[in-house]
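Trainee: I have a structure I would like to understand better, so I am pasting it below and will then ask my questions one at a time.
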Amino acid sequence: MPTTWDEYRVAAERIKAADPAARIGSFPTDAPLKATLSWQAGAKWFRVEGDAWKPRIDDAPSQKVAAFWQGMLDDDLVFRHGAGTPEESKSRADGTSVGVIGASWSAGGMIAAMPDLKGKWGVAPIPHWGTPASGMYGGTSFAVTKGSEHTTAAAEFVKWMTTDPASMRARVGALKSPSSALPANPAMAVVAARAFDTSYFAGQDLYALTGAQVATIVPGWTWGPVWGKVGADFKDEAARSGLPGGLVKAQESAAAAIRSRGLKLAG
């Protein structure tokens with residue numbers, strides 16, 4: 001398995017040469033994955049300075065990542081399938097996509113959607129830029145709205161969902177949609193690891209591998225207050241002019257959206 005992004009590109013070239021219909025995977029031009037890979041490279045898209053927001057979405061680490069993936073796209077080394085699209089699912093099922101960039105929760109989706117591929121896939125740490133590092137690709141949180149009529153009951157249910165071993169075993173062992181998400185609660189991560197059926201990945205300990213990556217998450221990342229607008233504008237511009245241009249547009253969009261909401265923008 002490639003351990004660096006340079007090795008990943010070499011592997012992509014070899015896969016295409018060996019089978020012109022196959023690719024190492026896909027890279028959809030959407031913001032969540034781009035944010036994760038930028039985070040891994042040391043980017044910090046949003047910072048807080050005093051009482052003001054300072055977006056830096058087109059910073060040097062982000063542009064490095066954009067240039068790498070734009071090169072992969074331009075040289076036809078990856079598919080452009082969007083995450084979760086029928087095209088992506090088909091390419092996984094027929095073997096033309098030989099890899100997937102995902103998170104711990106991705107495993108559960110594959111088990112549910114592609115049971116016939118049991119034993120044919122494995123998991124590995126994401127490639128890096130020279131030093132093991134990672135970012136967070138998605139996540140789940142629970143909240144109770146202020147206007148809820150049953151705040152106490154809702155909070156109690158959230159507590160059960162996140163801290164009770166029975167809840168975790170039920171989520172991981174669900175027949176139709178098993179969860180493979182890595183719990184933030186270390187004790188529940190142990191419960192999940194024991195409950196998870198490792199046979200789909202030929203006996204690999206998914207939770208040991210994903211749990212080890214937590215220590216490599218680059219600190220200092222902050223999610224900004226205008227993520228929805230930034231994500232949409234990045235995706236649109238990236239599709240038109242490429243990933244580097246998408247970053248520039250997202251930076252402009254972030255600054256304008258922060259101002260329009262009456263928030264302070266640092267210079």
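Identifiers in the structure tokens: chain A, B, ... in order shown; residue index from 1 per chain; ligand index from 1 in order shown.
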Excluding same-chain residues fewer than 4 positions from Val248 of chain A, what lies within 9 Å of it counting only C-alpha atoms, as a PyMOL selection string?
Mentor: chain A and resi 57-58+234+237+243-244+252-253
Trainee: Can you tell me which residues surround Ser91 of chain A at a distance of at most 9 Å, considering only C-alpha atoms, apart from same-chain residues fewer than 6 positions away, and format the answer as a short mmCIF file (atom, residue, chain, number, x, y, z; two decimals) with N, CA and C atoms, in the first residue's frame?
Mentor:
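See around-v1.cif below for the written result:
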```
data_model
loop_
_atom_site.label_atom_id
_atom_site.label_comp_id
_atom_site.auth_asym_id
_atom_site.auth_seq_id
_atom_site.Cartn_x
_atom_site.Cartn_y
_atom_site.Cartn_z
N ALA A 22 -9.36 0.75 -15.35
CA ALA A 22 -9.33 0.83 -13.88
C ALA A 22 -8.62 2.10 -13.41
N GLY A 25 -8.91 5.10 -7.70
CA GLY A 25 -10.07 5.54 -6.94
C GLY A 25 -10.70 6.74 -7.61
N SER A 97 -12.65 0.58 -9.64
CA SER A 97 -12.07 1.41 -8.57
C SER A 97 -11.40 0.46 -7.60
N VAL A 98 -10.09 0.55 -7.49
CA VAL A 98 -9.38 -0.41 -6.63
C VAL A 98 -9.10 0.16 -5.24
#
```
Trainee: Excluding Ala166 of chain A and residues on its chain fewer than 4 positions from it, collect all residues at most 10 Å away from it, counting only C-alpha atoms, and give them as a list in words.
Mentor: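 My list of contacting residues is Trp160, Met161, Ala170, Arg171, Met188 and Val191 of chain A.
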Trainee: Pick the closest to Ala21 of chain A from A:Thr96, A:Ser199, A:Asn185, A:Thr4: which is it, counting only C-alpha atoms?
Mentor: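 Looking at the shortest contact to Ala21 of chain A, the residue is A:Thr96.
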Trainee: At what distance in Å, to one decimal, does atom CA of Ala103 of chain A lie from atom CA of Gln204 of chain A?
Mentor: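 A separation of 15.3 Å between them.
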Trainee: Give me the residues near segment 129-139 of chain A as a PyMOL selection string, where near means some atom within 9 Å (using only C-alpha atoms) and where sequence neighbours in that chain fewer than 3 positions away do not count.
Mentor: chain A and resi 3-6+32-33+35-42+102-105+125-126+181+213-219+221
Trainee: Of the residues A:Ala31, A:Ala124, A:Leu182, A:Val158, which is the one nearest to Gly231 of chain A, using only C-alpha atoms?
Mentor: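 Distance minimum relative to Gly231 of chain A lands on A:Ala31.
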Trainee: Counting only C-alpha atoms, figure out which residue out of A:Lys235, A:Gly211, A:Asp94, A:Gly224 gets nearest to Ala52 of chain A.
Mentor: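 Under the stated criterion, the closest residue is A:Gly224.
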Trainee: With a distance cut-off of 10 Å and only C-alpha atoms, select the neighbouring residues of Ala143 of chain A, excluding the residue or stretch itself and same-chain residues fewer than 6 positions from it, and output the selection as a VMD selection string.
Mentor: chain A and resid 151 154 to 155 158
Trainee: Please write the residues from the selection above to a file, keeping C-alpha atoms, as a compact mmCIF listing (two decimals), in the first residue's frame.
Mentor:
```
# COMPACT_ATOMS: atom_id res chain seq x y z
CA THR A 151 -35.18 18.38 26.73
CA ALA A 154 -33.79 13.91 24.82
CA ALA A 155 -30.59 14.55 26.75
CA VAL A 158 -28.28 11.12 23.82
```
Trainee: Which one of A:Met168, A:Leu73, A:Ala202, A:Leu117 sits closest to Ala187 of chain A if you count only C-alpha atoms?
Mentor: A:Met168
Trainee: Record the distance separating atom CA of Ser26 of chain A and atom CA of Leu247 of chain A, expressed in Å with one decimal.
Mentor: 19.4 Å
Trainee: If you run DSSP on the backbone, which residues of segment 207-248 of chain A are helix (DSSP H, G or I), as a CSV table (one decimal) with N, CA and C atoms, in the first residue's frame?
Mentor:
```csv
chain,number,residue,atom,x,y,z
A,207,TYR,N,-11.0,-1.1,14.1
A,207,TYR,CA,-11.0,-0.2,15.1
A,207,TYR,C,-9.6,0.1,15.7
A,208,ALA,N,-8.7,-0.9,15.6
A,208,ALA,CA,-7.3,-0.7,16.0
A,208,ALA,C,-6.7,0.3,15.1
A,209,LEU,N,-6.9,0.1,13.8
A,209,LEU,CA,-6.3,0.9,12.8
A,209,LEU,C,-6.8,2.3,12.8
A,210,THR,N,-8.1,2.5,12.8
A,210,THR,CA,-8.7,3.9,12.8
A,210,THR,C,-8.4,4.6,14.1
A,211,GLY,N,-8.4,3.8,15.2
A,211,GLY,CA,-8.1,4.4,16.5
A,211,GLY,C,-6.7,4.9,16.6
A,212,ALA,N,-5.8,4.2,16.0
A,212,ALA,CA,-4.4,4.7,15.9
A,212,ALA,C,-4.2,6.0,15.2
A,213,GLN,N,-5.1,6.3,14.2
A,213,GLN,CA,-5.0,7.5,13.4
A,213,GLN,C,-5.4,8.7,14.2
A,214,VAL,N,-6.1,8.5,15.3
A,214,VAL,CA,-6.5,9.7,16.1
A,214,VAL,C,-5.3,10.5,16.5
A,215,ALA,N,-4.3,9.8,16.9
A,215,ALA,CA,-3.1,10.5,17.4
A,215,ALA,C,-2.4,11.3,16.3
A,216,THR,N,-2.7,11.0,15.1
A,216,THR,CA,-2.0,11.7,14.0
A,216,THR,C,-2.8,12.9,13.4
A,227,TRP,N,-19.8,27.6,6.6
A,227,TRP,CA,-19.3,26.4,5.9
A,227,TRP,C,-20.2,26.1,4.7
A,228,GLY,N,-21.5,26.2,4.9
A,228,GLY,CA,-22.5,25.8,3.8
A,228,GLY,C,-22.2,26.6,2.5
A,229,LYS,N,-22.1,27.9,2.6
A,229,LYS,CA,-21.8,28.8,1.5
A,229,LYS,C,-20.5,28.5,0.9
A,230,VAL,N,-19.5,28.4,1.7
A,230,VAL,CA,-18.1,28.1,1.2
A,230,VAL,C,-18.1,26.8,0.5
A,231,GLY,N,-18.7,25.7,1.0
A,231,GLY,CA,-18.7,24.4,0.4
A,231,GLY,C,-19.4,24.5,-1.0
A,232,ALA,N,-20.5,25.1,-1.1
A,232,ALA,CA,-21.2,25.2,-2.4
A,232,ALA,C,-20.4,26.0,-3.4
A,233,ASP,N,-19.9,27.1,-3.0
A,233,ASP,CA,-19.1,27.9,-4.0
A,233,ASP,C,-17.8,27.2,-4.4
A,234,PHE,N,-17.2,26.5,-3.5
A,234,PHE,CA,-16.0,25.7,-3.9
A,234,PHE,C,-16.3,24.7,-4.9
A,235,LYS,N,-17.4,23.9,-4.7
A,235,LYS,CA,-17.7,22.9,-5.6
A,235,LYS,C,-18.0,23.4,-7.0
A,236,ASP,N,-18.8,24.5,-7.0
A,236,ASP,CA,-19.2,25.0,-8.3
A,236,ASP,C,-17.9,25.5,-9.1
A,237,GLU,N,-17.1,26.3,-8.4
A,237,GLU,CA,-15.9,26.8,-9.1
A,237,GLU,C,-14.9,25.7,-9.4
A,238,ALA,N,-14.7,24.8,-8.6
A,238,ALA,CA,-13.8,23.7,-8.8
A,238,ALA,C,-14.2,22.9,-10.1
A,239,ALA,N,-15.5,22.7,-10.3
A,239,ALA,CA,-16.0,22.1,-11.5
A,239,ALA,C,-15.8,22.9,-12.7
A,240,ARG,N,-15.8,24.2,-12.6
A,240,ARG,CA,-15.6,25.1,-13.7
A,240,ARG,C,-14.1,25.3,-14.1
A,241,SER,N,-13.3,25.6,-13.1
A,241,SER,CA,-11.9,26.1,-13.4
A,241,SER,C,-10.9,25.2,-12.8
A,243,LEU,N,-9.5,22.8,-9.1
A,243,LEU,CA,-9.4,22.8,-7.6
A,243,LEU,C,-8.7,24.1,-7.1
A,244,PRO,N,-7.6,24.5,-7.7
A,244,PRO,CA,-7.0,25.8,-7.2
A,244,PRO,C,-7.9,27.0,-7.3
A,245,GLY,N,-8.6,27.1,-8.4
A,245,GLY,CA,-9.6,28.1,-8.6
A,245,GLY,C,-10.7,28.0,-7.6
A,246,GLY,N,-11.1,26.8,-7.2
A,246,GLY,CA,-12.2,26.6,-6.3
A,246,GLY,C,-11.8,27.2,-4.9
A,247,LEU,N,-10.5,27.0,-4.5
A,247,LEU,CA,-10.0,27.5,-3.3
A,247,LEU,C,-10.1,29.1,-3.2
A,248,VAL,N,-9.7,29.7,-4.3
A,248,VAL,CA,-9.7,31.2,-4.4
A,248,VAL,C,-11.1,31.7,-4.3
```
